[in-house]
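Structure first, commentary second.
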Amino acid sequence: MVWPFSSSSQDTSTNPNSSGPKSRDGGFIAPDRSAREKCYESRDRLFDCLDRNDILDAVKEDEKTRRVCKGENEVYERDCAKAWIKYFKEKRVMEYNRDRTIERIKADDARMVAKQKAEKKGRGLFG
């Protein structure tokens, strides 16, 4: 009989359904610096492939991503913690939208400044 909160004899570090190695108490072990670096490198390779294939949202376009960036996606999912995989894909979309919004605001501001300068030139020194 196995108690609900007891540790099992199964090694979770080799279990394909686990999301990473576990400590003796059953908690997940945080990735060390080299594991994080490996994840970042595989993420960057996947995102380069997505860029080459005009895929912005790898979550919404998962089937296409798995088809055209198969190798990169498999390495990414192998090298990164489960929670990081979706997070980085969603962060990519958020950063893209943020950058487009900043560009739009700058363009709007530039137009507004140009309009104000043109109006000021037409009025003379004291308005």
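In the structure tokens, the first chain shown is A, the next is B, and so on; residue numbers restart at 1 for each chain, and ligands run from 1 in the order shown.
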Any idea what's packed within 12 Å of Asn97 in chain A, counting only C-alpha atoms, ignoring anything in its chain fewer than 6 positions away? Could you give it as a ChimeraX atom specification?
/A:56-57,90-91,103-104
If we count only C-alpha atoms and set the cut-off at 12 Å, which residues sit around range 72-78 of chain A, ignoring sequence neighbours fewer than 4 positions away in its own chain? Please answer as a PyMOL selection string.
chain A and resi 16-20+35-50+58-59+62-68+82-86+88-89
Export, as a PDB file, in the first residue's frame, the selected residues with C-alpha atoms.
```pdb
ATOM      1  CA  PRO A  16       9.033  10.716 -19.607  1.00  0.00           C
ATOM      2  CA  ASN A  17       5.884  12.148 -17.993  1.00  0.00           C
ATOM      3  CA  SER A  18       7.764  14.127 -15.356  1.00  0.00           C
ATOM      4  CA  SER A  19       8.741  17.708 -16.019  1.00  0.00           C
ATOM      5  CA  GLY A  20      12.211  17.448 -14.561  1.00  0.00           C
ATOM      6  CA  ALA A  35      20.594  24.054 -17.855  1.00  0.00           C
ATOM      7  CA  ARG A  36      19.066  27.526 -18.194  1.00  0.00           C
ATOM      8  CA  GLU A  37      21.666  28.491 -20.786  1.00  0.00           C
ATOM      9  CA  LYS A  38      20.913  25.321 -22.751  1.00  0.00           C
ATOM     10  CA  CYS A  39      17.199  26.174 -22.634  1.00  0.00           C
ATOM     11  CA  TYR A  40      17.824  29.759 -23.802  1.00  0.00           C
ATOM     12  CA  GLU A  41      19.946  28.545 -26.723  1.00  0.00           C
ATOM     13  CA  SER A  42      17.335  26.043 -27.895  1.00  0.00           C
ATOM     14  CA  ARG A  43      14.602  28.685 -27.449  1.00  0.00           C
ATOM     15  CA  ASP A  44      16.584  31.119 -29.609  1.00  0.00           C
ATOM     16  CA  ARG A  45      17.069  28.471 -32.322  1.00  0.00           C
ATOM     17  CA  LEU A  46      13.327  27.734 -32.313  1.00  0.00           C
ATOM     18  CA  PHE A  47      12.468  31.432 -32.490  1.00  0.00           C
ATOM     19  CA  ASP A  48      14.905  31.902 -35.405  1.00  0.00           C
ATOM     20  CA  CYS A  49      13.088  29.100 -37.223  1.00  0.00           C
ATOM     21  CA  LEU A  50       9.720  30.696 -36.412  1.00  0.00           C
ATOM     22  CA  ALA A  58       3.735  29.327 -31.728  1.00  0.00           C
ATOM     23  CA  VAL A  59       0.955  28.488 -29.266  1.00  0.00           C
ATOM     24  CA  ASP A  62       1.251  24.799 -32.808  1.00  0.00           C
ATOM     25  CA  GLU A  63       0.599  22.345 -35.650  1.00  0.00           C
ATOM     26  CA  LYS A  64       2.443  24.508 -38.178  1.00  0.00           C
ATOM     27  CA  THR A  65       5.287  25.056 -35.698  1.00  0.00           C
ATOM     28  CA  ARG A  66       5.661  21.321 -35.117  1.00  0.00           C
ATOM     29  CA  ARG A  67       5.622  20.716 -38.876  1.00  0.00           C
ATOM     30  CA  VAL A  68       8.065  23.375 -40.125  1.00  0.00           C
ATOM     31  CA  LYS A  82       7.551  22.511 -18.983  1.00  0.00           C
ATOM     32  CA  ALA A  83       6.380  25.774 -17.419  1.00  0.00           C
ATOM     33  CA  TRP A  84       8.961  27.762 -19.401  1.00  0.00           C
ATOM     34  CA  ILE A  85       7.954  26.396 -22.809  1.00  0.00           C
ATOM     35  CA  LYS A  86       4.560  28.101 -23.034  1.00  0.00           C
ATOM     36  CA  PHE A  88       8.530  31.970 -23.576  1.00  0.00           C
ATOM     37  CA  LYS A  89       6.189  31.460 -26.544  1.00  0.00           C
TER      38      LYS A  89
END
```
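CA of Arg92 in chain A lies 15.0 Å from CA of Asn53 in chain A.
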